[in-house]
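Novice: Take this structure, written in C-alpha cells, and hold onto it; I'll ask about it next.
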Amino acid sequence: MTMWTPDLRQRSGPRYIAIAEALAEDAGGGRLRPGTRLPTHRDLADRLGVTVGTVTRAYAEAIRRGLVTGEVGRGTFVRARARPAAAVAAGPEAGLIDLSANLPPAAAVKQEAATLARTLAALSRRKDLGRLLAYPPEGGAREHRAAGAEWIRRGGFATTVERVLVTSGSQHGMTAVFAGLFAPGDVIATEALTYPGMKTLAGLLALRLQGVAMDEHGLRPDAFAAACRARRPKALYCVPTLQNPTTAVMPASRRQEIAAIARDHGVLIVEDDVHGRLLARPRAPLSTFAPDNSVYVTGTSKVLAPGLRVGFTVAPPALSPRIAAAIRGTTWMAAPLMAEIASRWIQDGTAETILARKRKEAAARYRIARKALERFAIQGHPEAYHLWLALPKPWRAESYVAIRTSSDAGWPDWPRFSPAVPKRRSRPDPSGGRPLPPGRERGRRRRRGAPPPRSRVSGQGPVGAGLQALRVAVGSIASLPSITLPTLPSFPITNVTRLA
Ligand SMILES: Cc1ncc(COP(=O)(O)O)c(C=O)c1O
C-alpha cells in the first residue's frame with residue numbers, strides 16, 4: 001500500500017473532489033502507477049484531517065471517473081489509464097495480441113481473403129446479382145435459410161428450412177430472441193459464469209439474469225431445477241458446447257436432463273451454439289432434446305469469419321413470428337450480400353475447409369497455452385479458442401490486468417467475461433439468491449460505494465499474430481507466480497505486452 005498523501009492546499013471546492021482531482025493528476029503524471037493500492041479511507045482521512053466520509057466520497061468519485069477500482073475487503077487500486085477512444089477504435093497496436101476477447105484465429109487471413117475475392121468475382125458475374133440489393137422475404141431468402149438449415153444439420157441438429165431465420169450474427173439472433181419473446185423484469189436463468197454479451201443484452205432489455213451453479217460439465221441440473229422452483233425463470237440461456245468462458249462441454253445425458261427440467265417447469269431454452277461446429281465430432285445440441293421448447297442460436301463468426309455477420313436462429317413455428325418481428329425492429333434483415341457469401345461457402349464446401357483450418361490452429365494454440373500454463377489451474381479444450389485460467393492467490397483479474405496494462409500498451413483494462421450476476425458476499429448459491437433488476441443492482445452498489453462487479457479470471461482467446469507471438473503472450477501470464485502483490489508498484493510493466 002502506498003503512503004500517498006495528496007497536497008490539497010492549492011485546491012478549492014469540495015474536499016472530496018479535490019482529492020479525486022489530485023488522484024487523477026498523480027495517476028496521469030505517473031506518480032501513482034497502475035495497480036498501486038491506495039491508503040485505507042481512515043488512514044487517508046487521518047493524514048488529511050478530513051472525515052472518513054470525505055475520503056469514501058473521493059474514492060467513489062475516482063471510481064466513477066475510471067481512475068481506480070475498489071474491491072470489497074481488498075482495497076482501492078489505481079487503474080491503468082484507458083487508451084484514448086481514437087486509439088481503441090484503431091484496433092490493437094502493432095506487436096500486441098489482444099487476449100481479452102474470444103476471437104477466432106485469423107492465421108490464414110490471406111488465404112481467406114483470396115477465397116473471398118474469388119467468391120465476389122463469381123458473384124459479380126451473376127445475372128441476378130441485383131436480387132441481393134432488394135429486401136428479402138421475412139426471415140431471409142429461402143436459399144439462405146436452406147444453407148443455414150444445412151449448416152445446423154452438419155452440427156448435429158436436423159431442422160427444417162421453415163424454422164430457420166437469418167440474422168446478422170449470433171448476438172443479433174440473441175437480441176431478436178430476447179427482445180421478441182421477453183419483457184423487462186423477466187427472469188432468465190443462465191450459467192453462473194456467462195458470456196458477457198448476454199449480460200449486456202440483459203442490461204439493455206432490463207431482463208434479470210439468474211446465475212445457476214455449474215461444474216466441469218457446465219450447468220448443473222439440480223441447481224437448474226432449484227432455480228426453476230425458486231425463481232420461476234421464463235427462459236434458460238445456455239451455452240452447452242465450449243461454454244464461454246469455462247469451455248465446458250455438456251454430456252448428452254445432462255443435455256437430456258436439462259431439457260426435461262425445462263419442459264417440466266415451462267422454461268424456454270435459448271441455446272447459444274456459437275462454438276458448436278468447432279468440435280470435429282459435434283455433440284447433439286440441447287435443442288435436439290426439446291425442439292419445440294427451445295430456440296437455437298448460432299452464427300458463422302467463430303467458424304468462418306466474424307466480419308460476415310451472419311447467424312441462424314431456429315425457432316418453433318409458434319415463436320418465429322415474434323422473433324422475425326424483432327429482427328425487423330432491429331436491423332430489418334440480415335444483409336443479403338453477406339448471407340449470400342456465407343451460404344455459398346456452406347454449400348460449396350469452402351466453409352468446411354475454413355473450419356478445418358480454424359480447428360487446426362485452435363489445437364496448436366491450445367497446446368502452447370497448456371504447456372506455458374502447466375503450473376496453473378486451467379480449464380480448456382483443444383477445439384476452443386479460449387481457456388479458463390484460475391489466477392493464483394492473491395491475484396484478482398482486476399489487479400492482474402492493471403499490472404499488465406501500461407498507459408500506452410493498449411490492453412483492455414477489464415476482462416470481458418464475468419459472473420452472470422455479480423457476487424455479493426452474503427449470497428450463498430447463485431441458483432438460490434434473488435437477483436435484482438440491473439438498475440436496482442447498480443443503484444444499490446452505488447449507494448454502498450461498492451466497486452463495480454468483478455470477474456475471477458483472465459486470458460481469453462488468442463488472435464492473429466501467429467503462434468510465436470502467442471507463445472510470448474502466454475509466457476507473460478506464466479510468469480505470474482514470481483510476482484507478489486506487495487511488489488506490484490515496482491514491477492516493470494513496460495514491455496510485458498510488447499511482443500517481439
Ligand atoms: C457464447 C457466445 N455467443 C455469442 C457470441 C457472438 O457471436 P457473433 O459474432 O456471431 O455475434 C459470442 C462471441 O464471442 C460468444 O462467445
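We label chains A, B, ... in the order they appear in the C-alpha cells, count residues from 1 in each chain, and number ligands from 1 in the order shown.
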Can I get the residues close to ligand 1 as a PyMOL selection string, where close means within 6 Å and we count only C-alpha atoms and all ligand atoms?
Specialist: chain A and resi 102+169-171+195+244+272+274+299+301+306
Novice: Run DSSP on the backbone and give me the residues of region 226-267 of chain A it puts in strand (DSSP E), as a PyMOL selection string.
Specialist: chain A and resi 235-238
Novice: Filtering to N, CA and C atoms, could you give me those residues as a JSON list (two decimals), in the first residue's frame?
Specialist:
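Written file, part01.json:
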```json
[["chain", "number", "residue", "atom", "x", "y", "z"],
["A", 235, "ALA", "N", -36.94, -18.24, -19.11],
["A", 235, "ALA", "CA", -36.10, -18.94, -20.08],
["A", 235, "ALA", "C", -34.78, -19.33, -19.43],
["A", 236, "LEU", "N", -34.12, -20.27, -20.09],
["A", 236, "LEU", "CA", -32.75, -20.63, -19.74],
["A", 236, "LEU", "C", -31.88, -20.23, -20.92],
["A", 237, "TYR", "N", -30.90, -19.36, -20.69],
["A", 237, "TYR", "CA", -29.90, -19.08, -21.72],
["A", 237, "TYR", "C", -28.68, -19.93, -21.39],
["A", 238, "CYS", "N", -28.23, -20.70, -22.35],
["A", 238, "CYS", "CA", -27.23, -21.72, -22.04],
["A", 238, "CYS", "C", -26.28, -21.91, -23.23]]
```
Novice: When distances are computed from only C-alpha atoms, which of A:Thr246, A:Thr115, A:Thr298, A:Gln256 shows the smallest separation from Met174 (chain A)?
Specialist: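 Closest candidate: A:Thr298.
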Novice: If we count only C-alpha atoms and set the cut-off at 9 Å, which residues sit around Thr330 (chain A), ignoring sequence neighbours fewer than 5 positions away in its own chain? Please answer as a count of residues only.
Specialist: 4
Novice: Considering only C-alpha atoms, can you say which of A:Val177, A:Ala248, A:Ala20, A:Ile378 comes closest to Val270 (chain A)?
Specialist: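 Nearest candidate to Val270 (chain A) out of A:Val177, A:Ala248, A:Ala20, A:Ile378: A:Val177.
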Novice: Between CA of His381 (chain A) and CA of Lys358 (chain A), measure the distance and give it in Å to one decimal.
Specialist: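 Taking CA of His381 (chain A) as the start and CA of Lys358 (chain A) as the end point, the length is 13.8 Å.
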Novice: Residues near Phe289 (chain A), anyone? I mean within 12 Å using only C-alpha atoms, not counting same-chain ones fewer than 2 positions away, as a PyMOL selection string.
Specialist: chain A and resi 156-158+252-263+269+271+283-287+291-296
Novice: Put those residues in a file: N, CA and C atoms, as a short mmCIF file (atom, residue, chain, number, x, y, z; two decimals), in the first residue's frame.
Specialist:
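Okay, out39.cif is ready:
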```cif
data_model
loop_
_atom_site.label_atom_id
_atom_site.label_comp_id
_atom_site.auth_asym_id
_atom_site.auth_seq_id
_atom_site.Cartn_x
_atom_site.Cartn_y
_atom_site.Cartn_z
N GLY A 156 -25.30 -31.44 -36.09
CA GLY A 156 -26.00 -32.47 -35.30
C GLY A 156 -27.44 -32.14 -34.97
N PHE A 157 -28.01 -31.11 -35.56
CA PHE A 157 -29.39 -30.74 -35.26
C PHE A 157 -30.17 -30.69 -36.57
N ALA A 158 -30.97 -31.72 -36.81
CA ALA A 158 -31.74 -31.78 -38.06
C ALA A 158 -32.96 -30.88 -37.92
N ALA A 252 -24.19 -35.66 -23.22
CA ALA A 252 -25.54 -35.86 -23.78
C ALA A 252 -26.56 -36.15 -22.69
N SER A 253 -26.17 -36.96 -21.71
CA SER A 253 -27.15 -37.33 -20.69
C SER A 253 -27.61 -36.10 -19.91
N ARG A 254 -26.68 -35.18 -19.69
CA ARG A 254 -27.05 -33.97 -18.96
C ARG A 254 -27.93 -33.07 -19.83
N ARG A 255 -27.65 -33.03 -21.12
CA ARG A 255 -28.49 -32.23 -22.01
C ARG A 255 -29.94 -32.72 -21.92
N GLN A 256 -30.05 -34.04 -21.93
CA GLN A 256 -31.38 -34.65 -21.86
C GLN A 256 -32.07 -34.23 -20.55
N GLU A 257 -31.30 -34.27 -19.48
CA GLU A 257 -31.84 -33.95 -18.17
C GLU A 257 -32.30 -32.49 -18.10
N ILE A 258 -31.45 -31.59 -18.61
CA ILE A 258 -31.77 -30.15 -18.59
C ILE A 258 -33.02 -29.90 -19.43
N ALA A 259 -33.08 -30.57 -20.58
CA ALA A 259 -34.25 -30.38 -21.46
C ALA A 259 -35.53 -30.81 -20.74
N ALA A 260 -35.44 -31.92 -20.01
CA ALA A 260 -36.62 -32.42 -19.30
C ALA A 260 -37.03 -31.47 -18.18
N ILE A 261 -36.06 -30.94 -17.45
CA ILE A 261 -36.38 -29.99 -16.36
C ILE A 261 -37.04 -28.75 -16.94
N ALA A 262 -36.48 -28.25 -18.03
CA ALA A 262 -37.04 -27.04 -18.66
C ALA A 262 -38.48 -27.30 -19.08
N ARG A 263 -38.69 -28.46 -19.67
CA ARG A 263 -40.06 -28.78 -20.13
C ARG A 263 -41.01 -28.85 -18.93
N ILE A 269 -35.89 -22.92 -23.51
CA ILE A 269 -34.42 -22.97 -23.63
C ILE A 269 -33.98 -22.07 -24.77
N GLU A 271 -30.67 -21.76 -26.62
CA GLU A 271 -29.35 -22.40 -26.71
C GLU A 271 -28.44 -21.58 -27.62
N ARG A 283 -21.50 -32.50 -30.91
CA ARG A 283 -22.45 -33.05 -29.93
C ARG A 283 -23.85 -32.63 -30.34
N ALA A 284 -24.79 -33.52 -30.16
CA ALA A 284 -26.17 -33.16 -30.47
C ALA A 284 -26.55 -31.96 -29.61
N PRO A 285 -26.93 -30.84 -30.23
CA PRO A 285 -27.30 -29.67 -29.42
C PRO A 285 -28.42 -29.98 -28.44
N LEU A 286 -28.46 -29.19 -27.37
CA LEU A 286 -29.51 -29.30 -26.36
C LEU A 286 -30.89 -29.24 -27.02
N SER A 287 -31.00 -28.43 -28.04
CA SER A 287 -32.30 -28.25 -28.71
C SER A 287 -32.83 -29.53 -29.34
N PRO A 291 -36.99 -29.88 -29.23
CA PRO A 291 -37.10 -29.00 -30.41
C PRO A 291 -38.28 -28.04 -30.36
N ASP A 292 -39.32 -28.39 -29.62
CA ASP A 292 -40.48 -27.48 -29.58
C ASP A 292 -40.48 -26.59 -28.35
N ASN A 293 -39.44 -26.74 -27.54
CA ASN A 293 -39.34 -25.89 -26.35
C ASN A 293 -37.99 -25.19 -26.32
N SER A 294 -37.41 -24.97 -27.50
CA SER A 294 -36.12 -24.30 -27.48
C SER A 294 -35.95 -23.43 -28.71
N VAL A 295 -35.13 -22.43 -28.52
CA VAL A 295 -34.71 -21.60 -29.65
C VAL A 295 -33.21 -21.77 -29.73
N TYR A 296 -32.76 -22.07 -30.92
CA TYR A 296 -31.35 -22.38 -31.13
C TYR A 296 -30.71 -21.22 -31.89
#
```
Novice: With only C-alpha atoms as the counted atoms, please give the residues lying no more than 12 Å from region 338-345 of chain A, apart from itself and same-chain residues fewer than 4 positions off, as a short mmCIF file (atom, residue, chain, number, x, y, z; two decimals) with C-alpha atoms, in the first residue's frame.
Specialist:
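That gives us selection_8.cif:
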```cif
data_model
loop_
_atom_site.label_atom_id
_atom_site.label_comp_id
_atom_site.auth_asym_id
_atom_site.auth_seq_id
_atom_site.Cartn_x
_atom_site.Cartn_y
_atom_site.Cartn_z
CA GLU A 112 -9.39 -16.47 -46.66
CA THR A 115 -11.27 -17.09 -51.15
CA LEU A 116 -13.44 -14.05 -50.59
CA ALA A 117 -12.04 -12.38 -53.71
CA ARG A 118 -12.91 -15.45 -55.80
CA THR A 119 -16.40 -15.59 -54.32
CA LEU A 120 -17.00 -11.91 -55.01
CA ALA A 121 -15.71 -12.32 -58.58
CA ALA A 122 -18.06 -15.24 -59.13
CA LEU A 123 -20.93 -13.26 -57.65
CA SER A 124 -20.18 -10.28 -59.87
CA LEU A 129 -26.96 -10.03 -58.71
CA ARG A 131 -31.56 -9.52 -56.27
CA LEU A 132 -29.17 -9.03 -53.36
CA LEU A 133 -29.99 -5.33 -53.32
CA PRO A 136 -35.58 -10.39 -48.89
CA GLY A 139 -36.67 -14.38 -42.07
CA GLY A 140 -34.31 -14.28 -45.06
CA ALA A 141 -34.16 -15.58 -48.62
CA ARG A 142 -35.17 -19.21 -48.86
CA GLU A 143 -31.78 -20.32 -50.18
CA HIS A 144 -30.04 -18.58 -47.28
CA ARG A 145 -32.34 -20.23 -44.78
CA ALA A 146 -31.70 -23.54 -46.53
CA ALA A 147 -27.95 -23.03 -46.19
CA GLY A 148 -28.49 -22.27 -42.51
CA ALA A 149 -30.51 -25.47 -42.07
CA GLU A 150 -27.76 -27.43 -43.79
CA TRP A 151 -25.06 -25.84 -41.62
CA LEU A 165 -34.33 -17.27 -39.55
CA VAL A 166 -31.30 -15.43 -40.90
CA THR A 167 -29.77 -12.87 -38.54
CA SER A 168 -26.77 -10.54 -38.53
CA GLY A 169 -24.73 -12.86 -36.31
CA GLY A 299 -23.58 -17.98 -36.37
CA THR A 300 -20.62 -18.04 -38.69
CA SER A 301 -18.32 -15.72 -36.70
CA VAL A 303 -16.01 -20.79 -37.55
CA LEU A 304 -15.79 -18.75 -40.75
CA ALA A 305 -15.26 -15.03 -40.19
CA PRO A 306 -16.69 -12.57 -37.67
CA GLY A 307 -16.96 -9.85 -40.31
CA LEU A 308 -19.55 -11.81 -42.25
CA ARG A 309 -22.11 -11.01 -39.53
CA VAL A 310 -24.33 -13.91 -40.46
CA GLY A 311 -26.22 -16.04 -37.99
CA PHE A 312 -29.05 -18.53 -38.00
CA MET A 333 -32.93 -8.01 -42.06
CA ALA A 334 -29.51 -9.58 -42.29
CA GLY A 349 -17.53 -26.83 -49.24
CA THR A 350 -15.48 -23.67 -48.59
CA ALA A 351 -16.90 -23.41 -45.09
CA GLU A 352 -15.63 -26.87 -44.17
CA THR A 353 -12.14 -26.03 -45.48
CA ILE A 354 -12.00 -22.83 -43.44
CA LEU A 355 -13.38 -24.62 -40.41
#
```
